[in-house]
file input21.cif (mmCIF, C-alpha atoms and all ligand atoms)
data_start
loop_
_atom_site.group_PDB
_atom_site.id
_atom_site.type_symbol
_atom_site.label_atom_id
_atom_site.label_comp_id
_atom_site.auth_asym_id
_atom_site.auth_seq_id
_atom_site.Cartn_x
_atom_site.Cartn_y
_atom_site.Cartn_z
ATOM 1 C CA MET H 1 18.434 2.515 -4.659
ATOM 2 C CA ILE H 2 16.350 5.441 -5.807
ATOM 3 C CA ARG H 3 15.988 8.359 -3.407
ATOM 4 C CA GLU H 4 12.188 7.953 -3.228
ATOM 5 C CA LEU H 5 12.570 4.378 -1.977
ATOM 6 C CA GLU H 6 14.811 5.557 0.817
ATOM 7 C CA ILE H 7 12.230 8.203 1.782
ATOM 8 C CA ALA H 8 9.359 5.697 1.636
ATOM 9 C CA GLU H 9 11.300 3.235 3.769
ATOM 10 C CA ASN H 10 12.231 5.863 6.368
ATOM 11 C CA GLY H 11 8.629 7.116 6.470
ATOM 12 C CA ALA H 12 7.195 3.597 6.865
ATOM 13 C CA LYS H 13 9.604 2.797 9.685
ATOM 14 C CA LYS H 14 8.905 6.043 11.541
ATOM 15 C CA ALA H 15 5.149 5.405 11.280
ATOM 16 C CA GLY H 16 5.629 1.748 12.238
ATOM 17 C CA GLN H 17 7.317 2.731 15.493
ATOM 18 C CA ILE H 18 4.386 5.010 16.373
ATOM 19 C CA ILE H 19 1.857 2.263 15.638
ATOM 20 C CA LYS H 20 3.778 -0.306 17.671
ATOM 21 C CA MET H 21 4.013 2.105 20.599
ATOM 22 C CA LEU H 22 0.254 2.795 20.468
ATOM 23 C CA LEU H 23 -0.845 -0.866 20.246
ATOM 24 C CA GLY H 24 -3.451 -1.480 22.936
ATOM 25 C CA LYS H 25 -3.405 2.138 24.104
ATOM 26 C CA VAL H 26 -5.602 4.193 21.790
ATOM 27 C CA ARG H 27 -9.205 5.110 21.233
ATOM 28 C CA ILE H 28 -11.050 3.234 18.483
ATOM 29 C CA SER H 29 -13.846 4.830 16.445
ATOM 30 C CA GLU H 30 -16.213 3.511 13.794
ATOM 31 C CA LYS H 31 -16.217 4.936 10.241
ATOM 32 C CA GLY H 32 -19.988 4.843 9.789
ATOM 33 C CA LEU H 33 -20.216 1.032 10.003
ATOM 34 C CA ASN H 34 -19.561 -0.860 13.247
ATOM 35 C CA TYR H 35 -17.066 -3.083 11.364
ATOM 36 C CA ASN H 36 -15.065 -0.308 9.641
ATOM 37 C CA LEU H 37 -12.738 1.019 12.330
ATOM 38 C CA VAL H 38 -10.259 3.849 12.612
ATOM 39 C CA THR H 39 -7.932 4.555 15.515
ATOM 40 C CA GLU H 40 -5.717 7.382 16.710
ATOM 41 C CA ALA H 41 -2.794 5.285 15.441
ATOM 42 C CA ASP H 42 -4.070 5.492 11.822
ATOM 43 C CA THR H 43 -4.194 9.280 11.934
ATOM 44 C CA ALA H 44 -0.943 9.737 13.889
ATOM 45 C CA ALA H 45 0.946 7.419 11.512
ATOM 46 C CA GLU H 46 -0.401 9.173 8.423
ATOM 47 C CA LYS H 47 0.489 12.611 9.803
ATOM 48 C CA CYS H 48 4.012 11.429 10.591
ATOM 49 C CA ILE H 49 4.515 10.077 7.040
ATOM 50 C CA ILE H 50 3.075 13.157 5.323
ATOM 51 C CA ASP H 51 5.082 15.597 7.477
ATOM 52 C CA TYR H 52 8.250 13.633 6.685
ATOM 53 C CA ILE H 53 7.650 13.443 2.916
ATOM 54 C CA ARG H 54 6.819 17.164 2.859
ATOM 55 C CA THR H 55 10.214 18.021 4.356
ATOM 56 C CA VAL H 56 11.910 16.335 1.376
ATOM 57 C CA TYR H 57 9.409 16.784 -1.486
ATOM 58 C CA PRO H 58 7.093 19.677 -0.545
ATOM 59 C CA GLU H 59 5.544 19.891 -4.052
ATOM 60 C CA ASP H 60 4.549 16.217 -4.476
ATOM 61 C CA GLY H 61 0.945 15.001 -4.431
ATOM 62 C CA ILE H 62 -0.205 12.851 -1.527
ATOM 63 C CA LEU H 63 -3.000 10.293 -1.575
ATOM 64 C CA GLY H 64 -3.389 9.029 1.973
ATOM 65 C CA GLU H 65 -6.272 6.952 3.276
ATOM 66 C CA GLU H 66 -7.013 9.231 6.228
ATOM 67 C CA THR H 67 -6.501 12.653 4.591
ATOM 68 C CA ALA H 68 -8.828 14.330 2.085
ATOM 69 C CA SER H 69 -6.977 15.573 -1.023
ATOM 70 C CA ASN H 70 -7.503 16.450 -4.684
ATOM 71 C CA THR H 71 -4.486 14.402 -5.760
ATOM 72 C CA LYS H 72 -5.121 11.889 -8.583
ATOM 73 C CA VAL H 73 -3.059 8.756 -9.162
ATOM 74 C CA GLU H 74 -2.155 10.053 -12.665
ATOM 75 C CA ASP H 75 -0.568 13.239 -11.312
ATOM 76 C CA ASN H 76 3.112 13.833 -11.970
ATOM 77 C CA ARG H 77 4.525 12.685 -8.629
ATOM 78 C CA VAL H 78 2.244 11.014 -6.091
ATOM 79 C CA TRP H 79 2.780 9.240 -2.781
ATOM 80 C CA ILE H 80 0.097 6.627 -2.073
ATOM 81 C CA ILE H 81 -0.140 5.876 1.639
ATOM 82 C CA ASP H 82 -1.938 3.370 3.822
ATOM 83 C CA PRO H 83 -0.632 4.383 7.259
ATOM 84 C CA LEU H 84 -2.028 1.296 8.984
ATOM 85 C CA ASP H 85 -3.158 -1.622 6.852
ATOM 86 C CA GLY H 86 -4.890 -4.019 9.215
ATOM 87 C CA THR H 87 -6.768 -1.621 11.475
ATOM 88 C CA THR H 88 -9.215 -4.307 12.633
ATOM 89 C CA ASN H 89 -6.278 -6.457 13.774
ATOM 90 C CA PHE H 90 -4.687 -3.455 15.493
ATOM 91 C CA ALA H 91 -7.948 -2.544 17.238
ATOM 92 C CA HIS H 92 -8.223 -6.095 18.600
ATOM 93 C CA ASN H 93 -4.559 -6.317 19.667
ATOM 94 C CA ILE H 94 -3.742 -8.846 16.940
ATOM 95 C CA PRO H 95 -0.125 -8.078 16.053
ATOM 96 C CA HIS H 96 -0.418 -8.320 12.265
ATOM 97 C CA PHE H 97 -0.574 -5.039 10.351
ATOM 98 C CA SER H 98 1.624 -2.897 8.171
ATOM 99 C CA VAL H 99 2.441 0.513 6.773
ATOM 100 C CA SER H 100 2.273 0.743 2.974
ATOM 101 C CA ILE H 101 3.817 3.544 0.896
ATOM 102 C CA ALA H 102 4.119 3.656 -2.890
ATOM 103 C CA PHE H 103 5.589 6.372 -5.057
ATOM 104 C CA ALA H 104 4.072 6.814 -8.542
ATOM 105 C CA GLU H 105 4.775 9.025 -11.535
ATOM 106 C CA LYS H 106 1.848 9.626 -13.915
ATOM 107 C CA GLY H 107 0.029 6.525 -12.705
ATOM 108 C CA ILE H 108 3.064 4.201 -12.819
ATOM 109 C CA VAL H 109 4.389 2.947 -9.464
ATOM 110 C CA ARG H 110 8.155 3.435 -9.338
ATOM 111 C CA CYS H 111 8.846 2.010 -5.901
ATOM 112 C CA GLY H 112 6.986 0.633 -2.905
ATOM 113 C CA VAL H 113 7.472 -0.300 0.725
ATOM 114 C CA VAL H 114 5.387 -2.454 3.074
ATOM 115 C CA PHE H 115 6.656 -2.513 6.659
ATOM 116 C CA ASN H 116 5.483 -4.875 9.395
ATOM 117 C CA PRO H 117 6.618 -3.191 12.632
ATOM 118 C CA MET H 118 5.889 -6.213 14.839
ATOM 119 C CA TYR H 119 8.236 -8.545 12.897
ATOM 120 C CA ASP H 120 10.525 -5.744 11.775
ATOM 121 C CA GLU H 121 10.049 -6.978 8.207
ATOM 122 C CA CYS H 122 10.427 -4.416 5.467
ATOM 123 C CA PHE H 123 9.378 -5.448 1.950
ATOM 124 C CA THR H 124 10.581 -3.150 -0.824
ATOM 125 C CA ALA H 125 10.615 -3.017 -4.632
ATOM 126 C CA VAL H 126 11.788 -0.752 -7.405
ATOM 127 C CA ALA H 127 10.118 -0.995 -10.829
ATOM 128 C CA GLY H 128 12.477 -2.959 -13.070
ATOM 129 C CA GLY H 129 14.952 -3.395 -10.211
ATOM 130 C CA GLY H 130 13.711 -6.294 -8.052
ATOM 131 C CA ALA H 131 12.040 -6.956 -4.710
ATOM 132 C CA TRP H 132 13.543 -7.477 -1.275
ATOM 133 C CA CYS H 133 12.726 -8.281 2.337
ATOM 134 C CA ASN H 134 15.088 -6.547 4.760
ATOM 135 C CA GLY H 135 17.526 -6.098 1.878
ATOM 136 C CA GLU H 136 17.523 -9.761 0.758
ATOM 137 C CA PRO H 137 16.090 -10.539 -2.718
ATOM 138 C CA ILE H 138 12.710 -12.344 -2.653
ATOM 139 C CA ARG H 139 10.968 -14.614 -5.197
ATOM 140 C CA VAL H 140 7.485 -16.070 -5.503
ATOM 141 C CA SER H 141 6.973 -19.799 -4.817
ATOM 142 C CA THR H 142 7.506 -22.512 -7.442
ATOM 143 C CA VAL H 143 4.324 -24.439 -6.619
ATOM 144 C CA SER H 144 2.532 -25.339 -9.849
ATOM 145 C CA THR H 145 -0.854 -26.684 -8.722
ATOM 146 C CA CYS H 146 -3.568 -25.324 -6.461
ATOM 147 C CA SER H 147 -3.568 -28.609 -4.529
ATOM 148 C CA ARG H 148 -0.093 -27.706 -3.195
ATOM 149 C CA SER H 149 -1.014 -24.077 -2.469
ATOM 150 C CA VAL H 150 -1.866 -21.820 0.418
ATOM 151 C CA ILE H 151 -4.040 -18.953 -0.777
ATOM 152 C CA GLY H 152 -4.805 -15.716 1.015
ATOM 153 C CA THR H 153 -7.970 -13.696 0.699
ATOM 154 C CA GLY H 154 -9.717 -10.747 2.282
ATOM 155 C CA ILE H 155 -13.222 -9.464 2.762
ATOM 156 C CA TYR H 156 -13.922 -5.808 2.142
ATOM 157 C CA TYR H 157 -16.185 -3.704 4.382
ATOM 158 C CA GLU H 158 -19.283 -5.014 2.613
ATOM 159 C CA ARG H 159 -21.644 -7.748 3.689
ATOM 160 C CA GLY H 160 -23.514 -8.272 0.394
ATOM 161 C CA PRO H 161 -22.650 -9.699 -3.046
ATOM 162 C CA ILE H 162 -18.866 -9.215 -2.708
ATOM 163 C CA MET H 163 -18.777 -11.119 0.575
ATOM 164 C CA LEU H 164 -20.946 -13.888 -0.887
ATOM 165 C CA ARG H 165 -18.720 -14.185 -3.939
ATOM 166 C CA THR H 166 -15.638 -14.387 -1.707
ATOM 167 C CA LEU H 167 -17.196 -17.151 0.391
ATOM 168 C CA ASP H 168 -18.162 -19.019 -2.768
ATOM 169 C CA SER H 169 -14.597 -18.809 -4.097
ATOM 170 C CA ILE H 170 -13.216 -20.017 -0.754
ATOM 171 C CA ARG H 171 -15.617 -22.980 -0.965
ATOM 172 C CA LYS H 172 -14.451 -23.799 -4.498
ATOM 173 C CA LEU H 173 -10.765 -23.572 -3.539
ATOM 174 C CA LEU H 174 -11.228 -25.750 -0.458
ATOM 175 C CA SER H 175 -13.261 -28.261 -2.507
ATOM 176 C CA ALA H 176 -10.278 -28.441 -4.869
ATOM 177 C CA ASN H 177 -8.239 -29.540 -1.839
ATOM 178 C CA ILE H 178 -5.852 -26.617 -1.609
ATOM 179 C CA GLN H 179 -3.584 -26.851 1.435
ATOM 180 C CA GLY H 180 -5.051 -23.817 3.204
ATOM 181 C CA ILE H 181 -6.929 -20.540 3.033
ATOM 182 C CA ARG H 182 -5.699 -17.546 5.032
ATOM 183 C CA ARG H 183 -7.448 -14.268 5.873
ATOM 184 C CA THR H 184 -4.738 -12.319 7.680
ATOM 185 C CA GLY H 185 -6.344 -8.840 7.679
ATOM 186 C CA SER H 186 -3.639 -6.819 5.931
ATOM 187 C CA ALA H 187 -3.943 -6.768 2.141
ATOM 188 C CA ALA H 188 -0.519 -5.138 1.735
ATOM 189 C CA LEU H 189 1.145 -7.942 3.713
ATOM 190 C CA ASP H 190 -0.913 -10.590 1.875
ATOM 191 C CA LEU H 191 0.656 -9.379 -1.377
ATOM 192 C CA CYS H 192 4.129 -9.418 0.171
ATOM 193 C CA TYR H 193 3.502 -12.972 1.366
ATOM 194 C CA VAL H 194 2.846 -13.970 -2.264
ATOM 195 C CA ALA H 195 6.014 -12.102 -3.252
ATOM 196 C CA CYS H 196 8.213 -14.027 -0.820
ATOM 197 C CA GLY H 197 6.559 -17.422 -1.392
ATOM 198 C CA ARG H 198 4.714 -17.814 1.925
ATOM 199 C CA PHE H 199 1.421 -17.684 -0.008
ATOM 200 C CA ASP H 200 1.085 -19.054 -3.551
ATOM 201 C CA GLY H 201 -1.827 -16.765 -4.354
ATOM 202 C CA TYR H 202 -4.068 -14.057 -2.912
ATOM 203 C CA PHE H 203 -7.295 -12.491 -4.112
ATOM 204 C CA GLU H 204 -9.622 -9.826 -2.810
ATOM 205 C CA TYR H 205 -12.551 -8.476 -4.803
ATOM 206 C CA ARG H 206 -12.652 -4.909 -3.512
ATOM 207 C CA LEU H 207 -9.685 -2.834 -2.383
ATOM 208 C CA SER H 208 -8.572 0.790 -2.425
ATOM 209 C CA VAL H 209 -5.456 1.934 -4.248
ATOM 210 C CA TRP H 210 -3.488 2.439 -1.002
ATOM 211 C CA ASP H 211 -4.098 -1.219 -0.062
ATOM 212 C CA PHE H 212 -2.321 -2.607 -3.135
ATOM 213 C CA ALA H 213 -0.173 0.093 -4.824
ATOM 214 C CA ALA H 214 3.081 -0.938 -3.094
ATOM 215 C CA GLY H 215 2.273 -4.659 -2.692
ATOM 216 C CA ALA H 216 1.361 -5.183 -6.363
ATOM 217 C CA LEU H 217 4.760 -3.833 -7.447
ATOM 218 C CA ILE H 218 6.508 -6.016 -4.861
ATOM 219 C CA VAL H 219 4.740 -9.157 -6.215
ATOM 220 C CA ARG H 220 5.565 -8.336 -9.835
ATOM 221 C CA GLU H 221 9.186 -7.563 -9.057
ATOM 222 C CA ALA H 222 9.413 -10.895 -7.224
ATOM 223 C CA GLY H 223 8.314 -12.697 -10.407
ATOM 224 C CA GLY H 224 4.591 -13.055 -9.693
ATOM 225 C CA THR H 225 1.438 -11.767 -11.321
ATOM 226 C CA CYS H 226 -1.009 -9.212 -10.001
ATOM 227 C CA THR H 227 -4.054 -8.237 -12.048
ATOM 228 C CA ASP H 228 -7.560 -6.984 -11.426
ATOM 229 C CA THR H 229 -10.005 -9.656 -10.241
ATOM 230 C CA ASP H 230 -11.204 -10.332 -13.829
ATOM 231 C CA GLY H 231 -7.617 -10.937 -14.941
ATOM 232 C CA GLY H 232 -7.415 -7.508 -16.662
ATOM 233 C CA GLU H 233 -4.706 -4.878 -16.282
ATOM 234 C CA ARG H 234 -6.056 -1.658 -14.830
ATOM 235 C CA GLY H 235 -3.017 -0.565 -12.887
ATOM 236 C CA LEU H 236 -3.884 1.770 -10.044
ATOM 237 C CA HIS H 237 -7.559 1.749 -11.107
ATOM 238 C CA SER H 238 -8.063 -1.949 -10.320
ATOM 239 C CA LYS H 239 -11.154 -2.577 -8.201
ATOM 240 C CA GLY H 240 -9.512 -5.527 -6.463
ATOM 241 C CA VAL H 241 -6.548 -7.834 -6.791
ATOM 242 C CA PHE H 242 -5.920 -11.295 -8.227
ATOM 243 C CA SER H 243 -2.341 -12.318 -7.553
ATOM 244 C CA ASN H 244 -0.200 -15.454 -7.570
ATOM 245 C CA ASN H 245 3.154 -16.951 -8.489
ATOM 246 C CA GLY H 246 2.194 -17.084 -12.185
ATOM 247 C CA LEU H 247 2.336 -20.887 -12.299
ATOM 248 C CA ILE H 248 -1.085 -21.468 -10.727
ATOM 249 C CA HIS H 249 -2.735 -18.455 -12.377
ATOM 250 C CA GLU H 250 -5.115 -20.260 -14.754
ATOM 251 C CA GLU H 251 -6.152 -22.946 -12.315
ATOM 252 C CA MET H 252 -6.674 -20.437 -9.487
ATOM 253 C CA PHE H 253 -8.605 -18.147 -11.841
ATOM 254 C CA GLY H 254 -10.995 -21.032 -12.578
ATOM 255 C CA PHE H 255 -11.878 -21.200 -8.863
ATOM 256 C CA ALA H 256 -11.577 -17.589 -7.732
ATOM 257 C CA GLY H 257 -11.412 -15.273 -10.772
ATOM 258 C CA TRP H 258 -14.369 -12.950 -11.219
ATOM 259 C CA PRO H 259 -14.945 -12.330 -14.952
ATOM 260 C CA ASP H 260 -16.886 -9.121 -15.625
ATOM 261 C CA ASP H 261 -19.862 -10.913 -17.185
ATOM 262 C CA ASP H 262 -20.218 -13.255 -14.230
ATOM 263 C CA SER H 263 -22.572 -12.172 -11.462
ATOM 264 C CA ALA H 264 -22.168 -12.764 -7.750
ATOM 265 C CA PRO H 265 -24.244 -15.402 -5.985
ATOM 266 C CA VAL H 266 -27.234 -13.752 -4.356
ATOM 267 C CA GLY H 267 -28.137 -14.688 -0.806
ATOM 268 C CA PRO H 268 -30.510 -13.339 1.797
ATOM 269 C CA GLU H 269 -27.937 -10.761 2.982
ATOM 270 C CA ALA H 270 -27.242 -9.318 -0.496
HETATM 271 C C1 LIG H 301 -8.078 -3.479 5.043
HETATM 272 C C2 LIG H 301 -7.124 -4.638 5.127
HETATM 273 C C3 LIG H 301 -7.877 -5.955 5.004
HETATM 274 C C4 LIG H 301 -8.689 -6.001 3.744
HETATM 275 C C5 LIG H 301 -9.617 -4.803 3.650
HETATM 276 C C6 LIG H 301 -8.797 -3.518 3.731
HETATM 277 P P1 LIG H 301 -7.477 -1.274 6.455
HETATM 278 O O1 LIG H 301 -7.388 -2.255 5.149
HETATM 279 O O2 LIG H 301 -6.174 -4.575 4.106
HETATM 280 O O3 LIG H 301 -7.019 -7.060 4.971
HETATM 281 O O4 LIG H 301 -9.445 -7.184 3.740
HETATM 282 O O5 LIG H 301 -10.276 -4.874 2.405
HETATM 283 O O6 LIG H 301 -9.640 -2.403 3.612
HETATM 284 O O7 LIG H 301 -8.896 -0.770 6.524
HETATM 285 O O8 LIG H 301 -7.093 -2.068 7.624
HETATM 286 O O9 LIG H 301 -6.506 -0.211 6.088
HETATM 287 CA CA CA H 302 -5.837 -0.839 3.956
HETATM 288 CA CA CA H 303 -5.627 1.742 6.632
#

call {"tool": "encode", "arguments": {"input": "input21.cif", "output": "structure tokens"}}
result
Amino acid sequence: MIRELEIAENGAKKAGQIIKMLLGKVRISEKGLNYNLVTEADTAAEKCIIDYIRTVYPEDGILGEETASNTKVEDNRVWIIDPLDGTTNFAHNIPHFSVSIAFAEKGIVRCGVVFNPMYDECFTAVAGGGAWCNGEPIRVSTVSTCSRSVIGTGIYYERGPIMLRTLDSIRKLLSANIQGIRRTGSAALDLCYVACGRFDGYFEYRLSVWDFAAGALIVREAGGTCTDTDGGERGLHSKGVFSNNGLIHEEMFGFAGWPDDDSAPVGPEA
């Protein structure tokens, strides 16, 4: 195990304990929009992670969702942190959220951790070394058709063309008789669910780097695929995520891929 993975795992677990302790007890604020929330748990968890990393690697760059910084993903050594992925769930006392921490060197993620403090499930991966849940190796599912699949999705804080496109893709997938659609509210956990075979695929058209940096590595190390939503490889600059077990990739892309030259359906809300 590389030292950075140990630090990421310790940091995620420390933050996870804080979040769990604060569930149902903290003030909730809106980030400009009434449906983009932030809580005292988000900021407390991020502070805890950053303070901890700084004690071990004081020189490293930090890109955390709740802290302004000049760090770029291409910098030499960067920690990419989502201190609470699933804030809307947390704010509504729905016990499904996670802490996500990735460590990258010059834009390449070397290791990642996604911790669900409510289930005590810790998903980890090391580039080229494999993926695990609580220390046990994980693999993507072996389902080879969409009609035998459960597919996760998410809807970004946008109620225009991206939302409409997501709803259209859900309609297409359900019309193809997939076994189920899930919108769990934590992108990082959605990716881990693909990695361990609970989901066969997951897509979301707009995400931030801290939502997927750790989870994308965990999926790939578990044998799955994770690309941008048009099927391209943009690494940490992806605008969203299109992920699956590899076996259903083409079929799922036909229903839910978003090629660059393809425009979103336009509705009254767009
Ligand atoms: C959100 C969650 C959600 C996804 C949103 C993300 P946050 O992150 O991952 O599942 O649909 O796009 O922004 O705001 O809870 O950290
Ligand atoms: Ca997030
Ligand atoms: Ca967050």

call {"tool": "resolve_selection", "arguments": {"input": "input21.cif", "expression": "the PyMOL selection byres (((not hetatm)) within 8 of (chain H and resi 302))", "output": "PyMOL selection string"}}
result
chain H and resi 65+82+84-87+186-188+207-208+210-211

call {"tool": "residues_near_ligand", "arguments": {"input": "input21.cif", "ligand": "ligand CA 303 (chain H)", "cutoff": "12 Å", "atoms": "all atoms listed in the file", "output": "JSON, numbers by chain"}}
result
{"H": [19, 31, 36, 37, 38, 39, 40, 41, 42, 43, 44, 45, 46, 64, 65, 66, 67, 80, 81, 82, 83, 84, 85, 86, 87, 88, 89, 90, 91, 97, 98, 99, 100, 101, 185, 186, 187, 188, 207, 208, 209, 210, 211, 212]}

call {"tool": "write_last_selection", "arguments": {"input": "input21.cif", "atoms": "C-alpha atoms", "output": "PDB file, in the coordinates of the input"}}
result
ATOM      1  CA  ILE H  19       1.857   2.263  15.638  1.00  0.00           C
ATOM      2  CA  LYS H  31     -16.217   4.936  10.241  1.00  0.00           C
ATOM      3  CA  ASN H  36     -15.065  -0.308   9.641  1.00  0.00           C
ATOM      4  CA  LEU H  37     -12.738   1.019  12.330  1.00  0.00           C
ATOM      5  CA  VAL H  38     -10.259   3.849  12.612  1.00  0.00           C
ATOM      6  CA  THR H  39      -7.932   4.555  15.515  1.00  0.00           C
ATOM      7  CA  GLU H  40      -5.717   7.382  16.710  1.00  0.00           C
ATOM      8  CA  ALA H  41      -2.794   5.285  15.441  1.00  0.00           C
ATOM      9  CA  ASP H  42      -4.070   5.492  11.822  1.00  0.00           C
ATOM     10  CA  THR H  43      -4.194   9.280  11.934  1.00  0.00           C
ATOM     11  CA  ALA H  44      -0.943   9.737  13.889  1.00  0.00           C
ATOM     12  CA  ALA H  45       0.946   7.419  11.512  1.00  0.00           C
ATOM     13  CA  GLU H  46      -0.401   9.173   8.423  1.00  0.00           C
ATOM     14  CA  GLY H  64      -3.389   9.029   1.973  1.00  0.00           C
ATOM     15  CA  GLU H  65      -6.272   6.952   3.276  1.00  0.00           C
ATOM     16  CA  GLU H  66      -7.013   9.231   6.228  1.00  0.00           C
ATOM     17  CA  THR H  67      -6.501  12.653   4.591  1.00  0.00           C
ATOM     18  CA  ILE H  80       0.097   6.627  -2.073  1.00  0.00           C
ATOM     19  CA  ILE H  81      -0.140   5.876   1.639  1.00  0.00           C
ATOM     20  CA  ASP H  82      -1.938   3.370   3.822  1.00  0.00           C
ATOM     21  CA  PRO H  83      -0.632   4.383   7.259  1.00  0.00           C
ATOM     22  CA  LEU H  84      -2.028   1.296   8.984  1.00  0.00           C
ATOM     23  CA  ASP H  85      -3.158  -1.622   6.852  1.00  0.00           C
ATOM     24  CA  GLY H  86      -4.890  -4.019   9.215  1.00  0.00           C
ATOM     25  CA  THR H  87      -6.768  -1.621  11.475  1.00  0.00           C
ATOM     26  CA  THR H  88      -9.215  -4.307  12.633  1.00  0.00           C
ATOM     27  CA  ASN H  89      -6.278  -6.457  13.774  1.00  0.00           C
ATOM     28  CA  PHE H  90      -4.687  -3.455  15.493  1.00  0.00           C
ATOM     29  CA  ALA H  91      -7.948  -2.544  17.238  1.00  0.00           C
ATOM     30  CA  PHE H  97      -0.574  -5.039  10.351  1.00  0.00           C
ATOM     31  CA  SER H  98       1.624  -2.897   8.171  1.00  0.00           C
ATOM     32  CA  VAL H  99       2.441   0.513   6.773  1.00  0.00           C
ATOM     33  CA  SER H 100       2.273   0.743   2.974  1.00  0.00           C
ATOM     34  CA  ILE H 101       3.817   3.544   0.896  1.00  0.00           C
ATOM     35  CA  GLY H 185      -6.344  -8.840   7.679  1.00  0.00           C
ATOM     36  CA  SER H 186      -3.639  -6.819   5.931  1.00  0.00           C
ATOM     37  CA  ALA H 187      -3.943  -6.768   2.141  1.00  0.00           C
ATOM     38  CA  ALA H 188      -0.519  -5.138   1.735  1.00  0.00           C
ATOM     39  CA  LEU H 207      -9.685  -2.834  -2.383  1.00  0.00           C
ATOM     40  CA  SER H 208      -8.572   0.790  -2.425  1.00  0.00           C
ATOM     41  CA  VAL H 209      -5.456   1.934  -4.248  1.00  0.00           C
ATOM     42  CA  TRP H 210      -3.488   2.439  -1.002  1.00  0.00           C
ATOM     43  CA  ASP H 211      -4.098  -1.219  -0.062  1.00  0.00           C
ATOM     44  CA  PHE H 212      -2.321  -2.607  -3.135  1.00  0.00           C
TER      45      PHE H 212
END

call {"tool": "closest_residue", "arguments": {"input": "input21.cif", "among": "H:Phe203, H:Tyr57, H:Phe115, H:Phe255", "to": "ligand LIG 301 (chain H)", "atoms": "only C-alpha atoms and all ligand atoms"}}
result
H:Phe203

call {"tool": "axis_aligned_box", "arguments": {"input": "input21.cif", "around": "ligand LIG 301 (chain H)", "padding_each_side": "8 Å", "output": "lines of an AutoDock Vina configuration file"}}
result
center_x = -8.2
center_y = -3.7
center_z = 5.0
size_x = 20.1
size_y = 23.0
size_z = 21.2

call {"tool": "residues_around", "arguments": {"input": "input21.cif", "residues": "Ala213 (chain H)", "least_positions_apart": "4", "cutoff": "12 Å", "atoms": "all atoms listed in the file", "output": "count of residues only"}}
result
47

call {"tool": "closest_residue", "arguments": {"input": "input21.cif", "among": "H:Thr142, H:Thr229, H:Asn10, H:Asn76", "to": "Asp262 (chain H)", "atoms": "all atoms listed in the file"}}
result
H:Thr229

call {"tool": "atom_distance", "arguments": {"input": "input21.cif", "atom1": "CA of Leu22 (chain H)", "atom2": "CA of Pro95 (chain H)"}}
result
11.7 Å
